[in-house]
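Reading through the structure tokens given below for one structure.
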Amino acid sequence: MLISAKKILTAARAKRYAVPAFNVNNLEILKAVMSAAEKIRSPVIIQTSEGAIEYAGIEYLAAMIRVAAKGKIPVVMHLDHGKDLRYVKLALANGYNSIMIDGSALPYLKNVAITKKVVALAHPKGVSVEAEIGALAGIEDLISVKEKDAALTNPEEAVRFAKDTKCDSLAIAIGTSHGAYKFKGKTHLDIGRLKKIAKLVALPIVLHGASGVREDLKTMAEKYGAKLGEARGVMDQDIKAAIKNGVAKINIDTDLRLAFTAGMREALHDLPKVIDPRKLLEPSNILMREVAMRKMRLFGSAGKA
Ligand SMILES: [Zn+2]
């Protein structure tokens with residue numbers, strides 16, 4: 001069933017688990033995620049970025065997600081990183097019930113202004129709004145305290161932003177970054193900063209750039225020719241600490257991409273005579289399903305559907 005993001009994320013924060021938000025851009029990813037959710041009864045947020053919409057077309061994506069939401073599993077249909085109001089309006093017109101407006105690269109007042117605009121469009125339709133304050137940057141790049149304070153989310157600013165915009169959930173920056181190359185050395189998040197934010201902000205907190213970049217999947221992909229070198233993600237123990245301290249939605253894209261790539265490379269290597277895409281995609285589908293199930297268990301969302 002289609003469920004409100006505000007409702008499910010508020011429940012998740014109160015009960016200290018996180019709802020996984022998976023980025024999808026084709027049928028294979030969506031079916032792998034839904035199969036995992038059904039198997040271990042986890043609610044899921046299915047999200048598409050502006051890039052996914054450009055790739056697949058919003059009507060195809062919306063139709064597929066609507067089918068996924070017809071079953072028993074609670075599903076949120078979410079626009080990830082809406083930056084342009086054109087995509088926000090497109091998502092609303094296509095039945096999305098949750099929108100992220102990402103004004104995090106803008107100065108404070110402009111971020112507030114664009115977020116308020118989206119809240120005014122979304123709330124009358126019963127659509128939830130996720131907003132972002134602070135810039136996602138690898139913590140290693142921010143050496144001094146001053147640099148960290150300038151880039152990562154400032155707790156006082158976060159509470160002011162939540163009040164000024166009336167958004168329903170808040171994405172913050174505590175040292176995670178997008179993609180597969182998150183950390184140069186040892187990985188770590190600024191959990192102390194998260195604790196301060198969570199003390200002041202009662203809203204569900206959202207973590208972006210939080211994939212784990214599993215070593216075994218990296219090794220598997222590299223065995224069949226991938227060159228992933230220094231790819232490194234967030235440790236499971238940091239994810240657990242984040243959930244304990246107010247994070248209620250965690251975005252996963254890179255880990256699904258890595259699983260897809262590892263399975264694809266293996267299949268192409270092992271099945272040189274096969275030209276049936278369905279057979280070639282099978283290992284990817286199995287790996288993505290397994291990755292999704294592990295996330296649901298790690299986040300504590302398993303059994304919550
Ligand atoms: Zn993100």
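Within each chain, counting starts at residue 1; across the structure tokens, chains are named A, B, ... in the order shown, with ligands numbered 1 upward in that order.
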
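Within 7 Å of segment 6-23 of chain A, once only C-alpha atoms are used and residues closer than 4 positions along the same chain are dropped, the contacting residues are Pro43, Val44, Ile45, Ile46, Gln47, Thr48, Ser128, Asp168, Pro204, Ile243, Lys244, Gly246, Val247, Ala248, Lys249, Ile250, Asn251, Ile252, Asp253, Met296, Phe299, Gly300 and Ser301 of chain A.
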
Next item on the list: Would you list the residues that come within 10 Å of ligand 1? Count only C-alpha atoms and all ligand atoms and give the answer as a list in words.
Entry: Asn23, Ser49, Asp80, His81, Met100, Asp102, Glu132, Leu136, Ala171, Thr176, Ser177, His178, Gly179, Val206, Leu207, His208, Gly209, Ala210, Ile250, Asn251, Ile252 and Asp253 of chain A

Checklist line | Pick from A:Leu281, A:Leu109, A:Ala32, A:Leu61 nearest to Phe161 of chain A, counting only C-alpha atoms | finding: A:Leu109

Just list as a CSV table (one decimal) with C-alpha atoms, in the first residue's frame whatever in segment 79-248 of chain A DSSP marks as helix (DSSP H, G or I).
```
chain,number,residue,atom,x,y,z
A,85,LEU,CA,10.7,22.9,-9.3
A,86,ARG,CA,10.0,21.4,-12.7
A,87,TYR,CA,10.8,18.0,-11.4
A,88,VAL,CA,8.9,18.6,-8.2
A,89,LYS,CA,5.7,19.5,-10.1
A,90,LEU,CA,6.3,16.5,-12.5
A,91,ALA,CA,6.5,14.2,-9.5
A,92,LEU,CA,3.4,15.7,-7.9
A,93,ALA,CA,1.5,15.3,-11.1
A,108,TYR,CA,20.4,29.8,4.0
A,109,LEU,CA,17.6,32.2,3.0
A,110,LYS,CA,17.3,30.9,-0.5
A,111,ASN,CA,17.2,27.3,0.8
A,112,VAL,CA,14.4,28.3,3.1
A,113,ALA,CA,12.6,30.1,0.3
A,114,ILE,CA,12.6,27.2,-2.2
A,115,THR,CA,11.8,24.6,0.6
A,116,LYS,CA,8.8,26.7,1.7
A,117,LYS,CA,7.6,26.9,-1.9
A,118,VAL,CA,7.7,23.1,-2.2
A,119,VAL,CA,6.0,22.7,1.2
A,120,ALA,CA,3.2,25.0,-0.1
A,121,LEU,CA,2.8,22.9,-3.2
A,122,ALA,CA,3.0,19.5,-1.4
A,123,HIS,CA,1.2,19.8,1.9
A,124,PRO,CA,-2.3,20.6,0.6
A,125,LYS,CA,-2.0,17.4,-1.4
A,139,ILE,CA,34.9,14.2,6.4
A,140,GLU,CA,38.5,13.7,5.4
A,141,ASP,CA,38.5,16.7,3.2
A,145,VAL,CA,37.1,22.5,13.1
A,146,LYS,CA,36.2,25.7,11.2
A,147,GLU,CA,36.0,23.8,7.9
A,148,LYS,CA,33.8,21.1,9.4
A,149,ASP,CA,31.5,23.7,10.9
A,150,ALA,CA,31.2,25.5,7.6
A,151,ALA,CA,30.3,22.4,5.6
A,155,PRO,CA,22.6,22.1,15.0
A,156,GLU,CA,21.2,25.6,15.7
A,157,GLU,CA,20.8,26.3,12.1
A,158,ALA,CA,19.1,22.9,11.6
A,159,VAL,CA,16.4,23.7,14.2
A,160,ARG,CA,15.8,27.2,12.8
A,161,PHE,CA,15.5,25.7,9.3
A,162,ALA,CA,13.0,23.1,10.4
A,163,LYS,CA,10.9,25.8,12.0
A,164,ASP,CA,11.2,28.3,9.1
A,165,THR,CA,10.3,25.7,6.4
A,191,ILE,CA,27.9,11.1,15.6
A,192,GLY,CA,28.5,13.9,18.3
A,193,ARG,CA,27.1,16.4,15.8
A,194,LEU,CA,24.1,14.2,15.1
A,195,LYS,CA,23.4,13.9,18.8
A,196,LYS,CA,23.3,17.7,19.1
A,197,ILE,CA,21.0,18.0,16.1
A,198,ALA,CA,18.6,15.2,17.2
A,199,LYS,CA,18.3,16.9,20.7
A,200,LEU,CA,17.1,20.1,19.0
A,215,GLU,CA,34.4,-5.6,0.4
A,216,ASP,CA,33.1,-9.0,-0.9
A,217,LEU,CA,31.1,-7.4,-3.6
A,218,LYS,CA,34.0,-5.1,-4.5
A,219,THR,CA,36.3,-8.2,-4.7
A,220,MET,CA,33.7,-10.1,-6.8
A,221,ALA,CA,33.4,-7.2,-9.3
A,222,GLU,CA,37.2,-6.8,-9.5
A,223,LYS,CA,37.7,-10.5,-10.1
A,236,ASP,CA,27.7,-0.9,9.8
A,237,GLN,CA,28.5,0.2,13.4
A,238,ASP,CA,28.2,3.9,12.4
A,239,ILE,CA,24.9,3.2,10.7
A,240,LYS,CA,23.6,1.6,14.0
A,241,ALA,CA,24.9,4.6,16.0
A,242,ALA,CA,23.2,7.0,13.6
A,243,ILE,CA,19.8,5.1,13.9
A,244,LYS,CA,20.1,5.1,17.7
```

Next item on the list: Assign secondary structure with DSSP using the backbone only, and return the residues of segment 103-166 of chain A in strand (DSSP E or B) as a list in words.
Entry: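 For segment 103-166 of chain A, the strand (DSSP E or B) set is Ser128, Val129, Glu130, Ala131, Glu132 and Ile133 of chain A.
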
Next item on the list: Please measure the separation of atom CA of Ile275 of chain A and atom CA of Val24 of chain A, giving the value in Å to one decimal.
Entry: 24.3 Å

Next item on the list: Have a look at A:Glu282, A:Asp276, A:Glu50, A:Glu130 and name the one nearest to Met264 of chain A; count only C-alpha atoms.
Entry: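 Ranking A:Glu282, A:Asp276, A:Glu50, A:Glu130 by distance to Met264 of chain A, first place goes to A:Glu282.
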
Item checked: Selection near Ile65 of chain A, 8 Å with only C-alpha atoms, sequence-local residues under 2 positions removed, as a ChimeraX atom specification -> /A:30,46,61-63,67-69,77

Please produce a file of the residues just selected, as a compact mmCIF listing (two decimals), in the first residue's frame, where the atoms kept are N, CA and C atoms.
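This is the output file selection-v5.txt:
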```
# COMPACT_ATOMS: atom_id res chain seq x y z
N LEU A 30 13.87 -2.39 -8.95
CA LEU A 30 12.61 -2.29 -8.20
C LEU A 30 12.12 -3.66 -7.76
N ILE A 46 10.69 3.97 -2.11
CA ILE A 46 11.23 3.80 -3.46
C ILE A 46 11.44 5.21 -4.01
N LEU A 61 8.41 5.08 -14.63
CA LEU A 61 8.80 4.86 -13.23
C LEU A 61 7.59 4.89 -12.32
N ALA A 62 6.75 5.91 -12.49
CA ALA A 62 5.58 6.06 -11.62
C ALA A 62 4.65 4.84 -11.76
N ALA A 63 4.48 4.37 -12.99
CA ALA A 63 3.59 3.22 -13.20
C ALA A 63 4.14 1.98 -12.51
N VAL A 67 2.53 -0.12 -9.16
CA VAL A 67 2.28 -1.57 -9.11
C VAL A 67 2.92 -2.15 -7.85
N ALA A 68 4.15 -1.72 -7.55
CA ALA A 68 4.83 -2.21 -6.34
C ALA A 68 4.03 -1.87 -5.09
N ALA A 69 3.36 -0.73 -5.11
CA ALA A 69 2.62 -0.27 -3.93
C ALA A 69 1.24 -0.91 -3.83
N MET A 77 6.44 6.67 -2.36
CA MET A 77 6.92 7.05 -3.70
C MET A 77 7.58 8.41 -3.58
```

Check: Hey, which of A:Arg214, A:Lys227, A:Arg265, A:Lys166 ends up closest to Ala202 of chain A? Count only C-alpha atoms.
Finding: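 Among the listed residues, A:Lys166 lies closest to Ala202 of chain A.
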
Margin query: Residues near Glu290 of chain A, anyone? I mean within 9 Å using only C-alpha atoms, not counting same-chain ones fewer than 3 positions away, as JSON, numbers by chain.
Written below: {"A": [32, 33, 36, 259, 285, 286, 287, 293, 294, 295]}

Could the residues in this selection be written to a file with C-alpha atoms, as a short mmCIF file (atom, residue, chain, number, x, y, z; two decimals), in the first residue's frame?
```
data_model
loop_
_atom_site.label_atom_id
_atom_site.label_comp_id
_atom_site.auth_asym_id
_atom_site.auth_seq_id
_atom_site.Cartn_x
_atom_site.Cartn_y
_atom_site.Cartn_z
CA ALA A 32 14.74 -7.01 -6.31
CA VAL A 33 13.93 -4.45 -3.60
CA ALA A 36 13.36 -8.40 -0.33
CA ALA A 259 25.68 -5.54 -6.53
CA ASN A 285 18.88 -9.57 -9.33
CA ILE A 286 19.81 -12.16 -6.70
CA LEU A 287 22.65 -10.02 -5.34
CA MET A 293 17.52 -7.66 2.81
CA ARG A 294 20.75 -7.06 4.70
CA LYS A 295 19.98 -3.32 4.85
#
```

Next item on the list: Just give me the gap between atom CA of Ala267 of chain A and atom CA of Leu27 of chain A in Å, one decimal is fine.
Entry: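 Separation between atom CA of Ala267 of chain A and atom CA of Leu27 of chain A: 18.4 Å.
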
Next item on the list: Provide the atom CA of Thr153 of chain A to atom CA of Lys184 of chain A distance in Å, to one decimal place.
Entry: 21.1 Å

Item checked: Best match for closeness to Ala105 of chain A among A:Gly134, A:Gly126, A:Ile29, A:Asp84, counting only C-alpha atoms ->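 Selected residue with least distance to Ala105 of chain A: A:Gly134.
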